[in-house]
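Each remark here refers to the structure printed beneath this line.
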There are 2 protein chains.
Amino acid sequence: MIAVQKNLITKSDKKIVLLVADGLGGLPRPTDGKTELEVARTPNLDSLVRKGITGLIEPIEAGIAPGSGPAHLALFGYDPLKYELGRGVLEVLGLGMELKDGDIAIRGNFATIRDGKIVDRRAGRISTEENRRLISILKDRIKKVEDVDVIWESGLEHRFALILRGEGLGDMVNDTDPQKEGLPPLPPEGKDGPSRKTARILRQIVDKAADILKEEEKANSILLRGISRKPEIPSFEERYGLKSLGLANYPMYKGLARLVGMDVPELGYEFESLIQYYEEHFEEYDFFFIHYKWTDKAGEDGDFNKKVKYIEELDGYIPRIMEKNPHVFIFTGDHSTPAMWKGHSWHPVPILIVAENAGVDDACRLTEREARRGYLGLRKSKEIMQIALALSGRLKKFGA
Amino acid sequence: MIAVQKNLITKSDKKIVLLVADGLGGLPRPTDGKTELEVARTPNLDSLVRKGITGLIEPIEAGIAPGSGPAHLALFGYDPLKYELGRGVLEVLGLGMELKDGDIAIRGNFATIRDGKIVDRRAGRISTEENRRLISILKDRIKKVEDVDVIWESGLEHRFALILRGEGLGDMVNDTDPQKEGLPPLPPEGKDGPSRKTARILRQIVDKAADILKEEEKANSILLRGISRKPEIPSFEERYGLKSLGLANYPMYKGLARLVGMDVPELGYEFESLIQYYEEHFEEYDFFFIHYKWTDKAGEDGDFNKKVKYIEELDGYIPRIMEKNPHVFIFTGDHSTPAMWKGHSWHPVPILIVAENAGVDDACRLTEREARRGYLGLRKSKEIMQIALALSGRLKKFGA
């Protein structure tokens with residue numbers, strides 16, 4: 001981002017709200033050729049669209065369906081190809097674990113191993129309850145290896161996550177999971193000094209865990225993957241001079257907001273609680289990221305009508321957000337999750353920006369079709385933050 | 001630019017005119033939601049729009065308001081992030097000084113220093129007349145230091161510019177201005193061999209100037225900033241094979257045209273004189289850059305109606321430009337200066353290209369709104385020159 005590279009950022013007290021409806025973009029259903037956004041009744045959004053400017057944003061590149069990590073980093077103005085998030089890091093954030101500088105994050109599976117060979121990479125998909133029982137034992141018995149803290153967390157079924165916290169740990173370590181049954185697990189090996197330390201710790205953890213779990217019928221071993229380090233991401237405060245608040249119900253999004261230095265309160269699983277918190281703390285921050293998860297869930301389920309319903313539900317919250325008069329209001333999705341596609345897709349996502357002197361636009365509704373003709377054009381998601389900075393008076397001129 | 005990198009450029013005698021209305025792009029006024037271009041009556045432009053193709057161009061990046069330097073380099077087809085113009089260079093060009101290869105350009109301030117500390121960084125904003133008196137003394141007394149020519153020029157109030165001309169000079173030298181009063185000025189230090197020579201020359205200039213000015217009450221010293229070298233920019237002739245003419249009334253734009261090797265006559269401050277020169281010398285050149293300053297001035301003043309009036313005035317000159325039948329005619333701005341914004345802004349700028357077989361378009365007027373739907377789409381300014389080369393038959397095919 002040139003604003004950052006060239007030190008063009010200056011101060012302002014104008015507030016920015018970024019409302020993200022996860023997986024917002026959609027595709028037409030066969031019955032009437034309309035998308036979720038075209039079917040939804042969104043009177044509040046519509047009246048903002050008439051005041052604002054619209055366009056389409058592409059999270060990463062043409063044809064690339066992004067995960068939540070890169071899609072959000074792009075919306076936050078970080079080049080998602082430069083700031084890559086390891087699998088372990090995303091797993092740990094998704095389980096709501098706190099990640100500190102220097103931490104190594106790892107995805108784990110319980111597995112069944114007999115005579116040194118992997119019989120079942122998922123330990124017969126043991127129940128989540130069974131998983132919790134085993135993790136509580138491991139938590140208790142393997143707290144520290146050498147000078148390194150070991151932090152365990154249960155996931156669903158056979159999955160768990162691990163954090164190593166200590167000095168001088170690297171992340172250039174191979175997966176122990178060979179991704180194939182009938183083979184022995186691979187010993188962790190480090191590619192440089194710090195990574196050799198990580199590998200040595202992990203070998204001890206794998207051996208101790210196998211010893212502790214040896215009487216278990218299915219989950220008698222662990223496999224480790226996605227060994228990755230908390231990435232060095234400059235915070236919103238450093239990068240943009242923005243004191244920022246991240247409001248989300250789900251751990252992954254809270255974790256992503258924390259990664260870029262946002263304050264993130266724990267507010268449970270009701271969207272209402274995010275909006276209340278926003279209303280009560282509006283004066284304290286410059287930037288607000290508000291995450292709405294349900295549109296994505298409905299898209300993933302392939303439930304067109306449910307996605308429409310959730311878009312309409314979110315529309316009902318918009319007046320409360322605008323009541324506070326943020327100087328810049330942005331509404332978009334991190335990526336498309338069309339019900340017709342039943343998953344994240346590459347399709348560009350409609351975006352609306354409302355701000356004083358934003359630009360000229362004839363759009364009346366925020367839909368894939370109308371947004372295509374909007375003033376913002378088709379852009380990369382990572383460009384949006386720079387426009388928000390400009391519209392809130394935070395950018396100096398480049399060159400004289 | 002791939003046309004240059006891959007040697008795709010070939011010869012043609014078809015002429016290209018680039019008419020730049022400075023700060024052309026605008027924003028809607030609140031009364032009727034119309035922009036300057038939408039309000040202006042431009043019958044000549046309108047009739048060209050029906051024949052040509054339109055679009056929007058972004059000078060640098062989303063959200064970035066450019067200065068005139070990078071904005072013009074981009075229109076001339078040079079990547080403005082690759083060819084950066086130092087502050088000293090722009091100051092020198094803005095004062096109409098001639099810059100030669102190897103020259104070092106510097107911005108200066110008169111300042112008040114007492115007991116080695118800066119009391120007033122701007123010497124009480126002395127009058128421009130007072131400035132001229134002092135510069136004429138310095139010009140006379142400090143013409144050469146070692147083997148380096150020293151060229152002085154007055155600016156407004158306390159400002160002046162300096163060129164060092166000689167062998168082996170570098171520009172990695174710090175500002176002597178600490179940007180804060182109560183501190184002593186910083187001695188110039190060079191970061192490499194050639195820059196150490198520049199620093200040594202500058203230390204002597206600073207000392208001599210302080211000695212010459214020691215009896216002055218306010219302007220008893222000088223501070224130097226933005227020490228920069230004339231950038232190595234390949235000329236239009238080398239890069240595109242174009243013999244080019246730059247027509248502008250204001251020094252900065254004449255300087256920018258000279259930087260890329262255009263012939264630039266001195267014609268005073270009447271736009272009419274540029275058009276007459278164009279008419280009289282049309283046969284002698286391949287490429288014509290014609291700069292119209294007044295739209296930007298009105299935008300900077302926040303005077304919507306005046307900007308409209310100047311757009312209309314410029315429209316009156318268009319038939320004379322077209323009378324010569326240039327093969328490619330481009331009309332655009334270097335950036336937007338919306339009257340509603342009162343300054344350079346990031347907003348994409350409408351562009352019109354008229355040429356045989358340019359493309360298909362339904363635009364009837366050149367406005368921000370209609371241009372958004374134009375054939376050219378939303379592009380970076382630096383892409384336009386390549387299209388001009390193609391339309392004038394100057395580009396070979398890439399690959400077989």
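Chain labels follow the order of the structure tokens: the first chain is A, the next B, and so on; residue numbering restarts at 1 in every chain, and ligands are counted from 1 in their shown order.
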Taking the DSSP secondary structure from the backbone, can you list the residues of stretch 261-312 of chain A that are helix (DSSP H, G or I), as a PDB file with C-alpha atoms, in the first residue's frame?
ATOM      1  CA  PHE A 271     -25.197 -10.151  16.692  1.00  0.00           C
ATOM      2  CA  GLU A 272     -27.350  -7.798  18.788  1.00  0.00           C
ATOM      3  CA  SER A 273     -24.627  -7.741  21.442  1.00  0.00           C
ATOM      4  CA  LEU A 274     -22.080  -6.484  18.864  1.00  0.00           C
ATOM      5  CA  ILE A 275     -24.341  -3.620  17.865  1.00  0.00           C
ATOM      6  CA  GLN A 276     -24.982  -2.682  21.480  1.00  0.00           C
ATOM      7  CA  TYR A 277     -21.262  -2.655  22.165  1.00  0.00           C
ATOM      8  CA  TYR A 278     -20.733  -0.497  19.059  1.00  0.00           C
ATOM      9  CA  GLU A 279     -23.362   1.964  20.270  1.00  0.00           C
ATOM     10  CA  GLU A 280     -21.847   2.184  23.730  1.00  0.00           C
ATOM     11  CA  PHE A 282     -18.527   4.637  19.507  1.00  0.00           C
ATOM     12  CA  GLU A 283     -16.635   7.577  20.965  1.00  0.00           C
ATOM     13  CA  GLU A 284     -13.621   5.498  21.960  1.00  0.00           C
ATOM     14  CA  TRP A 294     -24.857 -15.885   9.140  1.00  0.00           C
ATOM     15  CA  THR A 295     -24.962 -15.011   5.434  1.00  0.00           C
ATOM     16  CA  ASP A 296     -21.942 -17.252   4.876  1.00  0.00           C
ATOM     17  CA  LYS A 297     -23.392 -20.144   6.854  1.00  0.00           C
ATOM     18  CA  ALA A 298     -26.599 -20.090   4.797  1.00  0.00           C
ATOM     19  CA  GLY A 299     -24.561 -19.915   1.587  1.00  0.00           C
ATOM     20  CA  GLU A 300     -22.438 -22.868   2.642  1.00  0.00           C
ATOM     21  CA  PHE A 304     -30.870 -19.502  -0.839  1.00  0.00           C
ATOM     22  CA  ASN A 305     -33.928 -18.377   1.123  1.00  0.00           C
ATOM     23  CA  LYS A 306     -32.121 -18.491   4.424  1.00  0.00           C
ATOM     24  CA  LYS A 307     -29.343 -16.346   3.017  1.00  0.00           C
ATOM     25  CA  VAL A 308     -31.971 -13.858   1.802  1.00  0.00           C
ATOM     26  CA  LYS A 309     -33.544 -13.863   5.263  1.00  0.00           C
ATOM     27  CA  TYR A 310     -30.196 -13.176   6.945  1.00  0.00           C
ATOM     28  CA  ILE A 311     -29.432 -10.304   4.544  1.00  0.00           C
ATOM     29  CA  GLU A 312     -32.830  -8.850   5.511  1.00  0.00           C
TER      30      GLU A 312
END
For this session: Per DSSP on the backbone, filter stretch 162-233 of chain A down to the residues in strand (DSSP E) and report them as a PyMOL selection string.
Result: chain A and resi 162-165+221-229
Using only C-alpha atoms, select each residue of chain B with any atom at most 6 Å away from an atom of chain A, and give the selection as an mmCIF file with C-alpha atoms, in the first residue's frame.
data_model
loop_
_atom_site.group_PDB
_atom_site.id
_atom_site.type_symbol
_atom_site.label_atom_id
_atom_site.label_comp_id
_atom_site.auth_asym_id
_atom_site.auth_seq_id
_atom_site.Cartn_x
_atom_site.Cartn_y
_atom_site.Cartn_z
ATOM 1 C CA LEU B 27 -17.855 15.706 -7.615
ATOM 2 C CA ALA B 62 -7.045 3.905 -5.226
ATOM 3 C CA GLY B 63 -7.389 6.650 -2.641
ATOM 4 C CA ALA B 65 -4.405 12.153 -4.497
ATOM 5 C CA PRO B 66 -1.351 12.916 -6.617
ATOM 6 C CA GLY B 67 0.720 16.019 -7.025
ATOM 7 C CA SER B 68 1.157 17.408 -10.541
ATOM 8 C CA GLY B 69 4.535 15.695 -10.976
#
Problem set entry | Residue nearest A:Pro326 - candidates A:Leu90, A:Leu186, A:Leu18, A:Cys364, atoms counted: only C-alpha atoms | A:Leu18
May I have the residues within 9 Å of B:Asn174 as a compact mmCIF listing (two decimals) with C-alpha atoms, in the first residue's frame, using only C-alpha atoms and disregarding those fewer than 2 positions away in the same chain?
# COMPACT_ATOMS: atom_id res chain seq x y z
CA ASP B 171 21.62 13.50 -3.71
CA MET B 172 21.70 11.30 -0.61
CA THR B 176 19.63 21.04 7.03
CA ASP B 177 16.20 22.15 8.28
CA LEU B 186 21.74 20.18 10.82
CA PRO B 187 25.03 20.00 8.95
CA PRO B 188 24.58 18.36 5.53
CA GLU B 189 26.06 14.85 5.45
CA GLY B 190 26.38 12.63 2.38
CA LYS B 191 25.67 8.91 2.44
CA ALA B 199 27.29 17.88 1.30
CA LEU B 224 18.04 23.59 2.70
CA ARG B 225 15.59 20.74 2.05
CA GLY B 226 14.50 18.18 -0.55
CA ILE B 227 17.97 17.69 -2.00
Problem set entry | Close residues, B:Asn220 itself excluded, 7 Å, only C-alpha atoms, min 6 positions apart in chain, as a list in words | Ala111, Thr112, Ile113, Ala210, Leu213 and Lys214 of chain B
How about saving the chosen residues, C-alpha atoms kept, as a PDB file, in the first residue's frame?
ATOM      1  CA  ALA B 111      15.566  31.686   8.295  1.00  0.00           C
ATOM      2  CA  THR B 112      16.470  33.604  11.439  1.00  0.00           C
ATOM      3  CA  ILE B 113      19.233  32.032  13.527  1.00  0.00           C
ATOM      4  CA  ALA B 210      25.354  33.200   6.683  1.00  0.00           C
ATOM      5  CA  LEU B 213      23.520  37.793   5.372  1.00  0.00           C
ATOM      6  CA  LYS B 214      24.886  38.357   8.870  1.00  0.00           C
TER       7      LYS B 214
END
Problem set entry | Pick from B:Val264, B:Ala105, B:Ala257, B:Leu56, whichever lies nearest to B:Arg369 using only C-alpha atoms |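 Comparing B:Val264, B:Ala105, B:Ala257, B:Leu56 against B:Arg369, the winner is B:Leu56.
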For this session: Could you tell me which of B:Val260, B:Arg239, B:Arg159, B:Gly102 comes closest to B:Thr198 if we count only C-alpha atoms?
Result: B:Gly102
Exercise. Which residue, B:Lys11, B:Arg132, B:Lys143, B:Lys254, has the smallest gap to B:Leu242 when you use only C-alpha atoms?
Worked result: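 Result for the nearest residue to B:Leu242: B:Lys11.
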For this session: For each of B:Arg121, B:Asp140, B:Ile64, B:Glu129, take the minimum atom-to-atom distance to B:Gln179, counting only C-alpha atoms, then give the residue where this is smallest.
Result: B:Arg121
Problem set entry | Nearby residues (only C-alpha atoms) at most 9 Å from B:Ile201, same-chain spacing under 6 positions excluded, as number ranges by chain | B: 145-146, 148, 164
For this session: Tell me which protein, DNA and RNA residues are within 9 Å of A:Leu85, counting only C-alpha atoms, leaving out same-chain ones fewer than 6 positions away, and put them as a ChimeraX atom specification.
Result: /A:69-70,228-231
Problem set entry | Neighbour list for B:Ser336 as number ranges by chain, cut-off 10 Å, only C-alpha atoms, skip fewer than 5 positions in-chain | B: 21-27, 57-59, 65-66, 295-296, 299, 341, 343-350
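Separating atom CA of B:Leu95 from atom CA of B:Lys342 is a distance of 23.4 Å.
Considering only C-alpha atoms, the residue among A:Glu91, A:Asp301, A:Asp120, A:Glu368 positioned nearest to A:Lys180 is A:Asp120.
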